[in-house]
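A quick write-up on the structure given underneath.
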Amino acid sequence: MPTPYQTHIGSFTRKSTFFWAALGATVGLANLWQFPYLASLHGGGLFILIYLACLLLVTLPLMVTEAALGRYSRHGLVLALDGFVRTAKASNAWLIVGRLGILAAFLVLSFTAVFGSIALAYVFYGAIGKFSGIDQAGATQILAGLVSDPREYRMFMSWHALFLVLVIWVSIQGVVKGLERALRVVVPGTLLLMVLLFALAVWHGRVDGAIDHILAAHPEDVSFASVKAALFHAFFTLGLGMGVWAIFGAYTAPQTRLKRSILAVVLMDTLVAIVAGLMIFSVAAGGTSFDGERGFGLLFVSLPVTLAAFPASQFVIAVVFLLTVMIVWTTSLALMEPVVGWFREWTGAPRGWSALIIGLAVWFAGLASLLSFNVWASDRMAGATVFRWLELITGGLLIPAVAILMSVFTGWRITRSLSSQMLGPAPKLFSGIWFWVMRLVLPVVVAYIGLQYTAFSLTNLCESGSDGIWCSQPATVLFEPGEEALLEEPAPTAQREPDAAGEIPEEAAPAGDTAGEMPAKESEPGENAPKDGEILYHSV
């Protein structure tokens with residue numbers, strides 16, 4: 001068996017592939033089901049400017065660092081950090097950073113594939129006309145019948161397995177014949193399909209109202225909560241802290257201009273979010289108001305109902321969810337790669353076997369999330385399902401911890417000379433800003449994000465009936481009044497529409513749980529439909 005540093009895990013053959021791969025990793029479901037809602041709620045065009053500032057000043061330096069680590073070492077995150085630890089003569093305890101990042105990627109991939117399976121099923125549902133003439137209650141029944149009905153969980157498992165087969169099949173082909181070829185075709189194809197659907201939305205929807213809510217400046221809606229919402233979205237939507245940028249940096253062709261490519265990815269991801277937001281808002285919201293809709297309710301209930309009134313609705317719905325599948329598929333491929341790369345470098349196993357073993361492990365781990373929506377829906381630990389705890393652990397603990405430790409290591413533990421070599425040629429102003437942001441700004445900001453995220457999640461569990469020891473503290477200890485808008489700010493209850501059961505949903509934030517809303521297993525499928533508060537927006 002070759003030693004770890006002799007293991008060759010592959011590389012891209014074209015310098016532009018890094019851009020397409022990174023864009024595929026960053027464009028996720030949050031662009032469809034969260035960004036337009038946040039923009040319409042927090043000041044429209046002013047929120048977008050705040051979001052861009054958070055991207056460029058806070059998260060961009062971390063993206064550059066992770067990608068530069070991989071490019072400099074030509075290894076995945078674990079061995080890349082191992083090399084820097086040896087060079088800096090630092091403690092081997094720093095190696096835990098890479099391992100935590102791989103674990104985070106594995107866990108996030110396990111429930112990302114569950115969302116991909118729902119979208120894949122909806123492609124076929126749309127094509128066969130299952131949404132024809134459907135209303136809100138009927139769309140809720142369809143979603144619940146697929147996801148939440150404990151009598152039909154085997155069908156849900158079949159869609160889940162089929163989606164993962166598509167991911168594993170590409171990964172087995174290798175870096176060039178599989179990953180590079182797929183991303184260079186699927187990501188541009190996704191953008192083209194999105195433009196075509198946007199043109200359809202302009203023709204059939206109310207794009208003027210969408211522009212007013214998402215692009216026009218509304219200073220009266222901007223507050224400190226808007227800044228925090230932009231910061232959270234900027235941090236969680238770019239795939240940081242999971243080794244994705246490190247492995248893609250390791251694969252870069254020699255001619256790739258890394259920092260320019262990363263900047264282009266950030267700007268393109270924002271543009272895609274704006275276009276997707278205008279498309280979703282003009283169609284699903286009728287160009288007037290979201291009324292608190294986001295997540296599952298927006299994508300899998302309201303959107304099919306609205307599209308059912310379009311000419312050739314079967315084709316249109318199928319294409320819309322094909323776009324969704326392509327988005328989740330490229331995200332899954334990106335999340336799969338650091339785990340497969342780590343396994344190859346650790347064991348020296350061939351690419352095919354590594355991808356197959358990791359894929360099967362992801363499928364098995366994903367069953368915990370999948371069954372949390374149906375068979376295990378009433379089985380809760382401290383007020384939350386297995387899926388909710390997985391999201392809390394990855395979003396509130398693992399990802400922020402990796403980002404903080406990486407910032408501290410590169411800012412304080414390696415020499416300025418070594419960090420400059422790792423960063424590569426760069427303007428002096430950029431190098432200076434990068435160094436001090438990594439050293440002083442990022443550890444504090446990301447710690448704040450992780451603590452607030454965890455505190456809000458735990459507080460929501462208390463409201464759902466959790467008996468955890470943290471519930472003995474009042475919510476005001478964790479949050480100042482009004483800070484609940486940190487992650488999401490639902491519309492007032494009086495403005496929200498009744499659900500399929502005729503009840504007004506409770507206010508919920510993306511970190512929230514809905515333990516009290518999940519019926520017993522013998523309930524009607526429509527009452528079992530997932531609630532928006534059960535899905536954290538950063539997940540995919």
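Every chain in the structure tokens has a letter given in the order shown (A, B, ...), and although residue numbers restart at 1 in each chain, ligands are simply numbered from 1 in the order shown.
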Give me, as JSON lines, the closest atom pair and its distance (Å, one decimal) for every residue of stretch 347-423 of chain A within a cut-off of 12 Å of stretch 458-462 of chain A, counting only C-alpha atoms, rows sorted by chain and rising number.
{"residue": "A:Arg380", "atom": "CA", "partner": "A:Leu461", "partner_atom": "CA", "distance": 10.7}
{"residue": "A:Met381", "atom": "CA", "partner": "A:Leu461", "partner_atom": "CA", "distance": 10.2}
{"residue": "A:Ala382", "atom": "CA", "partner": "A:Leu461", "partner_atom": "CA", "distance": 7.7}
{"residue": "A:Gly383", "atom": "CA", "partner": "A:Leu461", "partner_atom": "CA", "distance": 5.7}
{"residue": "A:Ala384", "atom": "CA", "partner": "A:Leu461", "partner_atom": "CA", "distance": 6.7}
{"residue": "A:Thr385", "atom": "CA", "partner": "A:Leu461", "partner_atom": "CA", "distance": 10.3}
{"residue": "A:Arg388", "atom": "CA", "partner": "A:Leu461", "partner_atom": "CA", "distance": 9.6}
{"residue": "A:Trp389", "atom": "CA", "partner": "A:Leu458", "partner_atom": "CA", "distance": 10.0}
{"residue": "A:Glu391", "atom": "CA", "partner": "A:Leu458", "partner_atom": "CA", "distance": 11.9}
{"residue": "A:Leu392", "atom": "CA", "partner": "A:Leu458", "partner_atom": "CA", "distance": 8.7}
{"residue": "A:Ile393", "atom": "CA", "partner": "A:Leu458", "partner_atom": "CA", "distance": 11.2}
{"residue": "A:Gly396", "atom": "CA", "partner": "A:Leu458", "partner_atom": "CA", "distance": 10.2}
*Selection: 10 Å around stretch 274-277 of chain A, only C-alpha atoms, excl. self and same-chain fewer than 5 positions, as number ranges by chain*: A: 31-40, 45, 48, 191, 194-195, 197-198, 210-211, 213-215, 268-269, 282-283
Using N, CA and C atoms, can you write the selected residues to a file as a PDB file, in the first residue's frame?
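Below you can see out26.pdb, which holds the result:
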ATOM      1  N   ASN A  31     -30.796  28.970  -2.551  1.00  0.00           N
ATOM      2  CA  ASN A  31     -31.016  29.991  -3.569  1.00  0.00           C
ATOM      3  C   ASN A  31     -32.474  30.041  -4.002  1.00  0.00           C
ATOM      4  N   LEU A  32     -33.165  28.899  -3.910  1.00  0.00           N
ATOM      5  CA  LEU A  32     -34.557  28.838  -4.343  1.00  0.00           C
ATOM      6  C   LEU A  32     -35.525  29.107  -3.206  1.00  0.00           C
ATOM      7  N   TRP A  33     -35.278  28.500  -2.035  1.00  0.00           N
ATOM      8  CA  TRP A  33     -36.312  28.528  -1.020  1.00  0.00           C
ATOM      9  C   TRP A  33     -36.016  29.445   0.157  1.00  0.00           C
ATOM     10  N   GLN A  34     -34.863  30.136   0.154  1.00  0.00           N
ATOM     11  CA  GLN A  34     -34.577  31.012   1.276  1.00  0.00           C
ATOM     12  C   GLN A  34     -34.189  32.430   0.871  1.00  0.00           C
ATOM     13  N   PHE A  35     -33.279  32.567  -0.094  1.00  0.00           N
ATOM     14  CA  PHE A  35     -32.761  33.892  -0.443  1.00  0.00           C
ATOM     15  C   PHE A  35     -33.856  34.870  -0.860  1.00  0.00           C
ATOM     16  N   PRO A  36     -34.797  34.495  -1.738  1.00  0.00           N
ATOM     17  CA  PRO A  36     -35.833  35.472  -2.122  1.00  0.00           C
ATOM     18  C   PRO A  36     -36.686  35.916  -0.942  1.00  0.00           C
ATOM     19  N   TYR A  37     -36.963  35.007  -0.027  1.00  0.00           N
ATOM     20  CA  TYR A  37     -37.742  35.370   1.160  1.00  0.00           C
ATOM     21  C   TYR A  37     -36.981  36.378   2.017  1.00  0.00           C
ATOM     22  N   LEU A  38     -35.682  36.129   2.246  1.00  0.00           N
ATOM     23  CA  LEU A  38     -34.882  37.041   3.059  1.00  0.00           C
ATOM     24  C   LEU A  38     -34.771  38.410   2.408  1.00  0.00           C
ATOM     25  N   ALA A  39     -34.552  38.420   1.085  1.00  0.00           N
ATOM     26  CA  ALA A  39     -34.418  39.707   0.392  1.00  0.00           C
ATOM     27  C   ALA A  39     -35.712  40.509   0.469  1.00  0.00           C
ATOM     28  N   SER A  40     -36.856  39.865   0.278  1.00  0.00           N
ATOM     29  CA  SER A  40     -38.124  40.590   0.321  1.00  0.00           C
ATOM     30  C   SER A  40     -38.451  41.082   1.722  1.00  0.00           C
ATOM     31  N   GLY A  45     -33.117  45.340  -2.424  1.00  0.00           N
ATOM     32  CA  GLY A  45     -31.797  45.591  -2.974  1.00  0.00           C
ATOM     33  C   GLY A  45     -30.767  45.951  -1.920  1.00  0.00           C
ATOM     34  N   ILE A  48     -29.412  42.782  -0.522  1.00  0.00           N
ATOM     35  CA  ILE A  48     -28.459  42.165  -1.437  1.00  0.00           C
ATOM     36  C   ILE A  48     -27.081  42.812  -1.300  1.00  0.00           C
ATOM     37  N   LEU A 191     -27.738  26.617 -15.416  1.00  0.00           N
ATOM     38  CA  LEU A 191     -27.873  28.063 -15.589  1.00  0.00           C
ATOM     39  C   LEU A 191     -28.742  28.394 -16.797  1.00  0.00           C
ATOM     40  N   MET A 194     -32.301  27.688 -15.994  1.00  0.00           N
ATOM     41  CA  MET A 194     -32.826  28.718 -15.101  1.00  0.00           C
ATOM     42  C   MET A 194     -33.187  29.984 -15.868  1.00  0.00           C
ATOM     43  N   VAL A 195     -32.367  30.357 -16.841  1.00  0.00           N
ATOM     44  CA  VAL A 195     -32.661  31.537 -17.659  1.00  0.00           C
ATOM     45  C   VAL A 195     -33.947  31.328 -18.453  1.00  0.00           C
ATOM     46  N   LEU A 197     -36.468  29.348 -17.673  1.00  0.00           N
ATOM     47  CA  LEU A 197     -37.593  29.390 -16.749  1.00  0.00           C
ATOM     48  C   LEU A 197     -37.860  30.811 -16.263  1.00  0.00           C
ATOM     49  N   PHE A 198     -36.807  31.603 -16.147  1.00  0.00           N
ATOM     50  CA  PHE A 198     -36.989  33.004 -15.784  1.00  0.00           C
ATOM     51  C   PHE A 198     -37.753  33.740 -16.884  1.00  0.00           C
ATOM     52  N   ALA A 210     -42.098  41.272  -8.393  1.00  0.00           N
ATOM     53  CA  ALA A 210     -40.913  40.585  -7.880  1.00  0.00           C
ATOM     54  C   ALA A 210     -39.719  41.536  -7.811  1.00  0.00           C
ATOM     55  N   ILE A 211     -39.553  42.349  -8.854  1.00  0.00           N
ATOM     56  CA  ILE A 211     -38.449  43.316  -8.869  1.00  0.00           C
ATOM     57  C   ILE A 211     -38.601  44.316  -7.727  1.00  0.00           C
ATOM     58  N   HIS A 213     -40.032  43.854  -4.810  1.00  0.00           N
ATOM     59  CA  HIS A 213     -39.778  43.247  -3.505  1.00  0.00           C
ATOM     60  C   HIS A 213     -38.330  42.825  -3.320  1.00  0.00           C
ATOM     61  N   ILE A 214     -37.648  42.394  -4.398  1.00  0.00           N
ATOM     62  CA  ILE A 214     -36.320  41.803  -4.253  1.00  0.00           C
ATOM     63  C   ILE A 214     -35.200  42.758  -4.641  1.00  0.00           C
ATOM     64  N   LEU A 215     -35.390  43.587  -5.655  1.00  0.00           N
ATOM     65  CA  LEU A 215     -34.320  44.458  -6.132  1.00  0.00           C
ATOM     66  C   LEU A 215     -34.464  45.904  -5.675  1.00  0.00           C
ATOM     67  N   MET A 268     -21.279  35.166  -9.141  1.00  0.00           N
ATOM     68  CA  MET A 268     -22.235  34.389  -9.924  1.00  0.00           C
ATOM     69  C   MET A 268     -23.280  33.726  -9.030  1.00  0.00           C
ATOM     70  N   ASP A 269     -22.868  33.240  -7.866  1.00  0.00           N
ATOM     71  CA  ASP A 269     -23.819  32.643  -6.939  1.00  0.00           C
ATOM     72  C   ASP A 269     -24.869  33.663  -6.506  1.00  0.00           C
ATOM     73  N   SER A 282     -42.128  35.816  -8.709  1.00  0.00           N
ATOM     74  CA  SER A 282     -43.114  36.232  -9.700  1.00  0.00           C
ATOM     75  C   SER A 282     -44.122  35.136 -10.003  1.00  0.00           C
ATOM     76  N   VAL A 283     -43.735  33.878  -9.780  1.00  0.00           N
ATOM     77  CA  VAL A 283     -44.636  32.762 -10.081  1.00  0.00           C
ATOM     78  C   VAL A 283     -45.368  32.292  -8.826  1.00  0.00           C
TER      79      VAL A 283
END
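The closest residue to A:Ser313, picked from A:Leu166, A:Ile134, A:Ile433, A:Met155 and counting only C-alpha atoms, is A:Ile134.
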*Which residues come within 7 Å of stretch 235-237 of chain A, counting only C-alpha atoms, excluding same-chain residues fewer than 4 positions away, as a ChimeraX atom specification?*
/A:26,30,59,231,538
*Just the residues within 8 Å of stretch 104-111 of chain A, please, counting only C-alpha atoms, with nothing from its chain fewer than 6 positions along; format it as a ChimeraX atom specification.*
/A:241-244,332,335-336,338-339,362-363,365-366,369-370,387,390-391,394,398-399,539-540
_Taking 3 positions as the minimum chain separation for residues in the same chain, which residues sit within 12 Å of A:Ser171 when counting only C-alpha atoms? Answer as a VMD selection string._
chain A and resid 164 to 168 174 to 183 329 to 330 332 to 341 350 to 359
For the selection just defined, write its residues with N, CA and C atoms to a file, as a compact mmCIF listing (two decimals), in the first residue's frame.
# COMPACT_ATOMS: atom_id res chain seq x y z
N LEU A 164 -29.12 8.64 -5.08
CA LEU A 164 -27.73 8.37 -4.70
C LEU A 164 -27.01 7.54 -5.76
N VAL A 165 -27.73 6.69 -6.47
CA VAL A 165 -27.11 5.95 -7.59
C VAL A 165 -26.57 6.93 -8.63
N LEU A 166 -27.33 8.00 -8.92
CA LEU A 166 -26.87 9.01 -9.88
C LEU A 166 -25.59 9.69 -9.38
N VAL A 167 -25.51 9.95 -8.08
CA VAL A 167 -24.31 10.58 -7.52
C VAL A 167 -23.13 9.62 -7.54
N ILE A 168 -23.34 8.40 -7.09
CA ILE A 168 -22.27 7.41 -7.00
C ILE A 168 -21.76 7.06 -8.39
N GLY A 174 -14.43 8.78 -11.80
CA GLY A 174 -13.17 9.45 -11.55
C GLY A 174 -13.27 10.96 -11.63
N VAL A 175 -12.16 11.62 -11.37
CA VAL A 175 -12.14 13.09 -11.33
C VAL A 175 -12.37 13.68 -12.71
N VAL A 176 -11.71 13.14 -13.73
CA VAL A 176 -11.79 13.71 -15.08
C VAL A 176 -13.00 13.18 -15.83
N LYS A 177 -13.10 11.86 -15.96
CA LYS A 177 -14.18 11.26 -16.75
C LYS A 177 -15.54 11.36 -16.05
N GLY A 178 -15.55 11.50 -14.75
CA GLY A 178 -16.81 11.60 -14.03
C GLY A 178 -17.12 13.00 -13.58
N LEU A 179 -16.39 13.46 -12.56
CA LEU A 179 -16.70 14.74 -11.93
C LEU A 179 -16.53 15.92 -12.89
N GLU A 180 -15.38 16.00 -13.57
CA GLU A 180 -15.13 17.15 -14.45
C GLU A 180 -16.11 17.19 -15.61
N ARG A 181 -16.32 16.07 -16.25
CA ARG A 181 -17.25 16.05 -17.38
C ARG A 181 -18.66 16.40 -16.95
N ALA A 182 -19.10 15.82 -15.83
CA ALA A 182 -20.47 16.07 -15.38
C ALA A 182 -20.67 17.54 -15.01
N LEU A 183 -19.75 18.11 -14.25
CA LEU A 183 -19.92 19.49 -13.80
C LEU A 183 -19.82 20.49 -14.94
N TRP A 329 -28.09 17.72 -7.22
CA TRP A 329 -27.13 16.71 -7.71
C TRP A 329 -25.72 17.26 -7.71
N THR A 330 -25.53 18.46 -8.26
CA THR A 330 -24.18 19.04 -8.29
C THR A 330 -23.68 19.34 -6.87
N SER A 332 -24.48 17.60 -4.24
CA SER A 332 -24.14 16.28 -3.68
C SER A 332 -22.81 15.77 -4.23
N LEU A 333 -22.56 15.98 -5.51
CA LEU A 333 -21.27 15.58 -6.08
C LEU A 333 -20.13 16.30 -5.39
N ALA A 334 -20.33 17.60 -5.12
CA ALA A 334 -19.30 18.38 -4.46
C ALA A 334 -19.07 17.90 -3.03
N LEU A 335 -20.13 17.57 -2.31
CA LEU A 335 -20.00 17.09 -0.93
C LEU A 335 -19.40 15.69 -0.88
N MET A 336 -19.65 14.90 -1.90
CA MET A 336 -19.13 13.53 -1.95
C MET A 336 -17.61 13.52 -2.13
N GLU A 337 -17.11 14.50 -2.87
CA GLU A 337 -15.70 14.46 -3.28
C GLU A 337 -14.70 14.55 -2.13
N PRO A 338 -14.85 15.46 -1.15
CA PRO A 338 -13.87 15.46 -0.06
C PRO A 338 -13.88 14.18 0.76
N VAL A 339 -15.05 13.53 0.89
CA VAL A 339 -15.12 12.29 1.66
C VAL A 339 -14.43 11.16 0.89
N VAL A 340 -14.70 11.07 -0.41
CA VAL A 340 -14.05 10.04 -1.23
C VAL A 340 -12.54 10.28 -1.29
N GLY A 341 -12.14 11.55 -1.46
CA GLY A 341 -10.70 11.86 -1.51
C GLY A 341 -10.01 11.51 -0.21
N PRO A 350 -8.70 1.96 -4.56
CA PRO A 350 -9.01 2.49 -5.90
C PRO A 350 -10.22 3.41 -5.86
N ARG A 351 -10.31 4.28 -6.88
CA ARG A 351 -11.38 5.26 -6.93
C ARG A 351 -12.76 4.62 -6.92
N GLY A 352 -12.96 3.60 -7.73
CA GLY A 352 -14.27 2.98 -7.85
C GLY A 352 -14.76 2.41 -6.53
N TRP A 353 -13.90 1.63 -5.87
CA TRP A 353 -14.29 1.04 -4.60
C TRP A 353 -14.51 2.11 -3.54
N SER A 354 -13.69 3.15 -3.54
CA SER A 354 -13.84 4.22 -2.56
C SER A 354 -15.20 4.91 -2.71
N ALA A 355 -15.56 5.24 -3.96
CA ALA A 355 -16.84 5.91 -4.21
C ALA A 355 -18.00 5.01 -3.83
N LEU A 356 -17.89 3.73 -4.13
CA LEU A 356 -18.97 2.79 -3.82
C LEU A 356 -19.14 2.63 -2.31
N ILE A 357 -18.04 2.48 -1.59
CA ILE A 357 -18.12 2.30 -0.13
C ILE A 357 -18.68 3.55 0.54
N ILE A 358 -18.18 4.71 0.15
CA ILE A 358 -18.67 5.96 0.74
C ILE A 358 -20.14 6.18 0.37
N GLY A 359 -20.50 5.88 -0.88
CA GLY A 359 -21.89 6.04 -1.31
C GLY A 359 -22.84 5.18 -0.51
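Coordinates place atom CA of A:Leu307 at a distance of 11.9 Å from atom CA of A:Gln136.
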